[in-house]
Amino acid sequence: MTLPYASGYHAPVMVREVMDLLTPERGGLYLDGTLGGGGHAEALLERGPTARLIGTDRDPDALREAGERLARFGDRFRPVRSNFADAVAAAGIEDGSLDGVLLDLGISSHQIDVDERGFTFRPGAPLDMRMAQATAAEPSAADLLNEMDEAELANIFYRYGEEKRSRKLARIVLEMREREPFATSDHLLDAIRRTLGPRAEAADKARIFQALRIAVNGEIQALERALESFRKALAPGGVFAVLAYHSLEDRLVKNAFRDWSLDCVCPPGFVQCQCRGTPLGTTITRKPMSATEQETLANPRARSARLRGWRAA
């Protein structure tokens with residue numbers, strides 16, 4: 001299968017399904033809060049010949065790649081460097097002005113492929129993992145491993161990586177860093193082997209590295225902040241589409257879409273409704289959409305993708 005809108009930088013997931021939700025042929029103003037290599041953005045601008053798009057990303061590599069790719073659309077595309085949690089303010093977007101929003105959470109193929117970015121568990125890669133690169137104020141993955149206490153590290157491995165032996169792993173990290181600070185993927189891989197045994201699978205390593213990446217970039221906290229700001233920025237009939245790859249992300253999105261679709265969110269026991277009393281919109285996807293079998297075979301990243309959509313009233 002040929003993946004639509006894939007490039008050497010990144011292969012976007014579920015492009016057709018995302019476009020079917022956003023329906024950019026309606027025209028109007030859209031926001032891609034996680035621009036990446038610009039694959040979804042290019043599909044949107046092609047399918048909606050009168051649509052305009054603001055694309056935000058905190059990774060300068062992504063903005064550079066997408067800027068070159070989308071230059072042919074002229075002033076229909078505007079790039080803004082920003083974490084998606086601050087995208088609405090950074091781009092100067094007013095409430096009720098967007099016809100669609102897309103969040104494609106997680107990381108790009110390029111970030112994984114470039115060892116220097118530190119997202120991979122290939123041997124010898126630096127433990128960095130900062131999406132905004134080394135100029136960012138955030139501590140690197142190595143900083144967290146070398147400075148956090150045992151309880152903090154165990155919480156990261158358990159909450160973000162669903163690792164049942166999180167306490168043991170955290171304890172081993174502390175023991176190892178007494179002898180030598182963590183600096184490369186080899187150090188963390190050694191800690192994982194000591195915790196899970198020599199037969200630790202690639203999926204186990206991926207879970208633990210992912211947990212550290214989520215903590216480094218504050219991804220869950222960013223999503224919690226972003227959801228409400230994007231909802232307020234949608235015009236009536238505007239669509240919010242989210243691609244999530246982790247159960248925590250997907251749960252936050254599911255719960256937000258559900259709550260916004262209820263006519264009453266008062267706590268149980270209230271005699272009279274004291275909240276808004278009307279739904280803010282409608283959940284489009286009763287269950288999350290998944291990639292086709294053909295796409296998952298061609299793009300392993302698509303296997304864990306869950307797409308949800310919501311429409312503002």
# chains A, B, ... in the order shown; residues from 1 in each chain; ligands from 1
$ residues_around --residues "His187 of chain A" --least-positions-apart "2" --cutoff "12 Å" --atoms "only C-alpha atoms" --output "PyMOL selection string"
chain A and resi 121-127+141-142+145-146+172-177+179-185+189-194+209
$ closest_atom_pairs --of "segment 172-243 of chain A" --to "segment 85-90 of chain A" --cutoff "12 Å" --atoms "only C-alpha atoms" --output "JSON lines"
{"residue": "A:Asn217", "atom": "CA", "partner": "A:Ala85", "partner_atom": "CA", "distance": 11.4}
{"residue": "A:Gly218", "atom": "CA", "partner": "A:Ala85", "partner_atom": "CA", "distance": 10.2}
{"residue": "A:Glu219", "atom": "CA", "partner": "A:Ala85", "partner_atom": "CA", "distance": 9.1}
{"residue": "A:Ile220", "atom": "CA", "partner": "A:Ala85", "partner_atom": "CA", "distance": 10.1}
{"residue": "A:Gln221", "atom": "CA", "partner": "A:Ala85", "partner_atom": "CA", "distance": 8.6}
{"residue": "A:Ala222", "atom": "CA", "partner": "A:Ala85", "partner_atom": "CA", "distance": 5.0}
{"residue": "A:Leu223", "atom": "CA", "partner": "A:Ala85", "partner_atom": "CA", "distance": 6.4}
{"residue": "A:Glu224", "atom": "CA", "partner": "A:Ala85", "partner_atom": "CA", "distance": 8.1}
{"residue": "A:Arg225", "atom": "CA", "partner": "A:Ala85", "partner_atom": "CA", "distance": 5.8}
{"residue": "A:Ala226", "atom": "CA", "partner": "A:Ala85", "partner_atom": "CA", "distance": 4.3}
{"residue": "A:Leu227", "atom": "CA", "partner": "A:Ala85", "partner_atom": "CA", "distance": 8.0}
{"residue": "A:Glu228", "atom": "CA", "partner": "A:Ala85", "partner_atom": "CA", "distance": 9.7}
{"residue": "A:Ser229", "atom": "CA", "partner": "A:Val88", "partner_atom": "CA", "distance": 6.8}
{"residue": "A:Phe230", "atom": "CA", "partner": "A:Val88", "partner_atom": "CA", "distance": 7.0}
{"residue": "A:Arg231", "atom": "CA", "partner": "A:Val88", "partner_atom": "CA", "distance": 10.4}
{"residue": "A:Lys232", "atom": "CA", "partner": "A:Val88", "partner_atom": "CA", "distance": 9.6}
{"residue": "A:Ala233", "atom": "CA", "partner": "A:Val88", "partner_atom": "CA", "distance": 7.5}
{"residue": "A:Leu234", "atom": "CA", "partner": "A:Val88", "partner_atom": "CA", "distance": 10.6}
$ write_last_selection --atoms "N, CA, C and O atoms" --output "PDB file, in the first residue's frame"
ATOM      1  N   ASN A 217       8.146  16.220  27.909  1.00  0.00           N
ATOM      2  CA  ASN A 217       7.432  17.245  27.148  1.00  0.00           C
ATOM      3  C   ASN A 217       6.114  17.689  27.782  1.00  0.00           C
ATOM      4  O   ASN A 217       5.409  18.517  27.211  1.00  0.00           O
ATOM      5  N   GLY A 218       5.780  17.121  28.947  1.00  0.00           N
ATOM      6  CA  GLY A 218       4.538  17.504  29.608  1.00  0.00           C
ATOM      7  C   GLY A 218       3.323  17.299  28.722  1.00  0.00           C
ATOM      8  O   GLY A 218       2.400  18.121  28.707  1.00  0.00           O
ATOM      9  N   GLU A 219       3.297  16.183  28.002  1.00  0.00           N
ATOM     10  CA  GLU A 219       2.286  15.991  26.964  1.00  0.00           C
ATOM     11  C   GLU A 219       0.866  15.864  27.515  1.00  0.00           C
ATOM     12  O   GLU A 219      -0.078  16.391  26.912  1.00  0.00           O
ATOM     13  N   ILE A 220       0.703  15.165  28.624  1.00  0.00           N
ATOM     14  CA  ILE A 220      -0.640  15.005  29.181  1.00  0.00           C
ATOM     15  C   ILE A 220      -1.150  16.334  29.718  1.00  0.00           C
ATOM     16  O   ILE A 220      -2.303  16.727  29.485  1.00  0.00           O
ATOM     17  N   GLN A 221      -0.293  17.066  30.414  1.00  0.00           N
ATOM     18  CA  GLN A 221      -0.683  18.370  30.943  1.00  0.00           C
ATOM     19  C   GLN A 221      -1.006  19.347  29.804  1.00  0.00           C
ATOM     20  O   GLN A 221      -1.950  20.136  29.901  1.00  0.00           O
ATOM     21  N   ALA A 222      -0.229  19.279  28.732  1.00  0.00           N
ATOM     22  CA  ALA A 222      -0.483  20.147  27.577  1.00  0.00           C
ATOM     23  C   ALA A 222      -1.841  19.844  26.959  1.00  0.00           C
ATOM     24  O   ALA A 222      -2.586  20.759  26.580  1.00  0.00           O
ATOM     25  N   LEU A 223      -2.182  18.567  26.850  1.00  0.00           N
ATOM     26  CA  LEU A 223      -3.477  18.186  26.271  1.00  0.00           C
ATOM     27  C   LEU A 223      -4.622  18.656  27.159  1.00  0.00           C
ATOM     28  O   LEU A 223      -5.650  19.149  26.662  1.00  0.00           O
ATOM     29  N   GLU A 224      -4.461  18.515  28.474  1.00  0.00           N
ATOM     30  CA  GLU A 224      -5.495  18.983  29.391  1.00  0.00           C
ATOM     31  C   GLU A 224      -5.753  20.475  29.220  1.00  0.00           C
ATOM     32  O   GLU A 224      -6.903  20.933  29.240  1.00  0.00           O
ATOM     33  N   ARG A 225      -4.685  21.253  29.031  1.00  0.00           N
ATOM     34  CA  ARG A 225      -4.821  22.701  28.845  1.00  0.00           C
ATOM     35  C   ARG A 225      -5.415  23.041  27.488  1.00  0.00           C
ATOM     36  O   ARG A 225      -6.169  24.001  27.346  1.00  0.00           O
ATOM     37  N   ALA A 226      -5.056  22.236  26.480  1.00  0.00           N
ATOM     38  CA  ALA A 226      -5.415  22.580  25.103  1.00  0.00           C
ATOM     39  C   ALA A 226      -6.877  22.339  24.766  1.00  0.00           C
ATOM     40  O   ALA A 226      -7.476  23.097  23.994  1.00  0.00           O
ATOM     41  N   LEU A 227      -7.468  21.286  25.318  1.00  0.00           N
ATOM     42  CA  LEU A 227      -8.796  20.868  24.880  1.00  0.00           C
ATOM     43  C   LEU A 227      -9.826  21.988  24.980  1.00  0.00           C
ATOM     44  O   LEU A 227     -10.560  22.269  24.023  1.00  0.00           O
ATOM     45  N   GLU A 228      -9.899  22.642  26.123  1.00  0.00           N
ATOM     46  CA  GLU A 228     -10.912  23.679  26.307  1.00  0.00           C
ATOM     47  C   GLU A 228     -10.657  24.888  25.418  1.00  0.00           C
ATOM     48  O   GLU A 228     -11.594  25.486  24.883  1.00  0.00           O
ATOM     49  N   SER A 229      -9.388  25.257  25.229  1.00  0.00           N
ATOM     50  CA  SER A 229      -9.096  26.419  24.390  1.00  0.00           C
ATOM     51  C   SER A 229      -9.476  26.159  22.935  1.00  0.00           C
ATOM     52  O   SER A 229      -9.978  27.052  22.245  1.00  0.00           O
ATOM     53  N   PHE A 230      -9.260  24.936  22.462  1.00  0.00           N
ATOM     54  CA  PHE A 230      -9.651  24.609  21.097  1.00  0.00           C
ATOM     55  C   PHE A 230     -11.172  24.577  20.947  1.00  0.00           C
ATOM     56  O   PHE A 230     -11.709  25.001  19.919  1.00  0.00           O
ATOM     57  N   ARG A 231     -11.854  24.052  21.949  1.00  0.00           N
ATOM     58  CA  ARG A 231     -13.326  24.027  21.872  1.00  0.00           C
ATOM     59  C   ARG A 231     -13.880  25.433  21.756  1.00  0.00           C
ATOM     60  O   ARG A 231     -14.752  25.699  20.925  1.00  0.00           O
ATOM     61  N   LYS A 232     -13.384  26.345  22.570  1.00  0.00           N
ATOM     62  CA  LYS A 232     -13.865  27.727  22.537  1.00  0.00           C
ATOM     63  C   LYS A 232     -13.551  28.403  21.210  1.00  0.00           C
ATOM     64  O   LYS A 232     -14.283  29.300  20.773  1.00  0.00           O
ATOM     65  N   ALA A 233     -12.476  27.977  20.563  1.00  0.00           N
ATOM     66  CA  ALA A 233     -12.080  28.605  19.302  1.00  0.00           C
ATOM     67  C   ALA A 233     -12.911  28.140  18.114  1.00  0.00           C
ATOM     68  O   ALA A 233     -12.874  28.762  17.049  1.00  0.00           O
ATOM     69  N   LEU A 234     -13.708  27.064  18.287  1.00  0.00           N
ATOM     70  CA  LEU A 234     -14.498  26.540  17.180  1.00  0.00           C
ATOM     71  C   LEU A 234     -15.748  27.375  16.932  1.00  0.00           C
ATOM     72  O   LEU A 234     -16.447  27.781  17.863  1.00  0.00           O
TER      73      LEU A 234
END
$ closest_residue --among "A:Pro139, A:Gly106, A:Gly74, A:Ala235" --to "Gln210 of chain A" --atoms "only C-alpha atoms"
A:Gly106
$ select_by_dssp --residues "segment 136-223 of chain A" --states "helix (DSSP H, G or I)" --output "JSON, numbers by chain"
{"A": [141, 142, 143, 144, 145, 146, 147, 150, 151, 152, 153, 154, 155, 156, 157, 158, 159, 166, 167, 168, 169, 170, 171, 172, 173, 174, 175, 176, 177, 178, 179, 185, 186, 187, 188, 189, 190, 191, 192, 193, 194, 195, 196, 202, 203, 204, 205, 206, 207, 208, 209, 210, 211, 212, 213, 214, 215, 216, 217, 219, 220, 221, 222, 223]}
$ closest_residue --among "A:Thr278, A:Arg213, A:Ala312, A:Pro300" --to "Phe257 of chain A" --atoms "only C-alpha atoms"
A:Ala312
$ residues_around --residues "Arg72 of chain A" --least-positions-apart "4" --cutoff "12 Å" --atoms "only C-alpha atoms" --output "list in words"
Glu42, Leu45, Glu46, Ala66, Gly67, Glu68, Arg76, Phe77 and Arg78 of chain A
$ select_by_dssp --residues "segment 20-246 of chain A" --states "strand (DSSP E or B)" --output "VMD selection string"
chain A and resid 28 to 32 51 to 57 77 to 81 98 to 104 126 184 234 to 244
$ residues_around --residues "segment 82-84 of chain A" --least-positions-apart "3" --cutoff "6 Å" --atoms "only C-alpha atoms" --output "JSON, numbers by chain"
{"A": [33, 56, 57, 58, 87]}
$ atom_distance --atom1 "atom CA of Ser97 of chain A" --atom2 "atom CA of Thr34 of chain A"
18.6 Å
$ closest_residue --among "A:Leu188, A:Ala151, A:Ile54, A:Leu63" --to "Arg171 of chain A" --atoms "only C-alpha atoms"
A:Ala151
$ residues_around --residues "Ala170 of chain A" --least-positions-apart "2" --cutoff "6 Å" --atoms "only C-alpha atoms" --output "MDAnalysis selection string"
chainID A and resid 150 153:154 167:168 172:173
$ write_last_selection --atoms "all heavy atoms" --output "tab-separated table (two decimals), in the first residue's frame"
chain	number	residue	atom	x	y	z
A	150	GLU	N	13.16	8.44	43.61
A	150	GLU	CA	12.63	7.14	43.24
A	150	GLU	C	11.12	7.17	43.02
A	150	GLU	O	10.60	6.58	42.06
A	150	GLU	CB	12.98	6.12	44.32
A	150	GLU	CG	12.55	4.71	44.00
A	150	GLU	CD	12.99	3.71	45.06
A	150	GLU	OE1	14.09	3.89	45.62
A	150	GLU	OE2	12.23	2.75	45.33
A	153	LEU	N	10.19	8.94	39.65
A	153	LEU	CA	10.48	8.11	38.48
A	153	LEU	C	9.50	6.94	38.38
A	153	LEU	O	9.01	6.62	37.29
A	153	LEU	CB	11.91	7.59	38.55
A	153	LEU	CG	13.01	8.63	38.27
A	153	LEU	CD1	14.38	8.04	38.57
A	153	LEU	CD2	12.94	9.10	36.82
A	154	ALA	N	9.21	6.32	39.51
A	154	ALA	CA	8.27	5.20	39.50
A	154	ALA	C	6.90	5.65	39.00
A	154	ALA	O	6.23	4.93	38.25
A	154	ALA	CB	8.15	4.60	40.90
A	167	ARG	N	8.42	0.50	40.36
A	167	ARG	CA	9.22	0.78	41.55
A	167	ARG	C	10.60	0.14	41.45
A	167	ARG	O	11.62	0.75	41.80
A	167	ARG	CB	8.50	0.29	42.81
A	167	ARG	CG	7.23	1.07	43.14
A	167	ARG	CD	6.58	0.54	44.41
A	167	ARG	NE	5.34	1.25	44.69
A	167	ARG	CZ	5.27	2.39	45.37
A	167	ARG	NH1	6.39	2.95	45.82
A	167	ARG	NH2	4.10	2.97	45.59
A	168	LYS	N	10.63	-1.09	40.97
A	168	LYS	CA	11.91	-1.77	40.80
A	168	LYS	C	12.77	-1.04	39.77
A	168	LYS	O	13.98	-0.84	39.98
A	168	LYS	CB	11.69	-3.22	40.38
A	168	LYS	CG	12.98	-4.00	40.20
A	168	LYS	CD	12.71	-5.44	39.77
A	168	LYS	CE	14.01	-6.19	39.56
A	168	LYS	NZ	13.78	-7.59	39.10
A	172	ILE	N	16.45	0.71	40.42
A	172	ILE	CA	17.64	0.35	39.65
A	172	ILE	C	18.25	1.58	38.99
A	172	ILE	O	19.48	1.72	38.93
A	172	ILE	CB	17.29	-0.74	38.62
A	172	ILE	CG1	17.06	-2.08	39.34
A	172	ILE	CG2	18.37	-0.88	37.57
A	172	ILE	CD1	16.57	-3.18	38.47
A	173	VAL	N	17.43	2.48	38.49
A	173	VAL	CA	17.95	3.73	37.91
A	173	VAL	C	18.77	4.49	38.94
A	173	VAL	O	19.87	4.97	38.66
A	173	VAL	CB	16.80	4.61	37.37
A	173	VAL	CG1	17.30	6.01	37.05
A	173	VAL	CG2	16.16	3.97	36.14
$ atom_distance --atom1 "atom CA of Gly277 of chain A" --atom2 "atom CA of Gly309 of chain A"
22.2 Å
$ closest_residue --among "A:Cys275, A:Pro4, A:Ala244, A:Leu280" --to "Asp259 of chain A" --atoms "only C-alpha atoms"
A:Leu280
$ closest_residue --among "A:Leu307, A:Leu243, A:Ala298, A:Leu212" --to "Glu162 of chain A" --atoms "only C-alpha atoms"
A:Leu212
$ atom_distance --atom1 "atom CA of Arg303 of chain A" --atom2 "atom CA of Tyr245 of chain A"
8.6 Å
$ residues_around --residues "Lys164 of chain A" --least-positions-apart "3" --cutoff "12 Å" --atoms "only C-alpha atoms" --output "list in words"
Ala154, Asn155, Ile156, Phe157, Tyr158, Arg159, Tyr160, Gly161, Arg167, Lys168, Leu169, Ala170, Thr195, Leu196, Asp204, Arg207 and Ile208 of chain A
$ closest_residue --among "A:Ala211, A:Ala51, A:Leu144, A:Met131" --to "Glu163 of chain A" --atoms "only C-alpha atoms"
A:Ala211
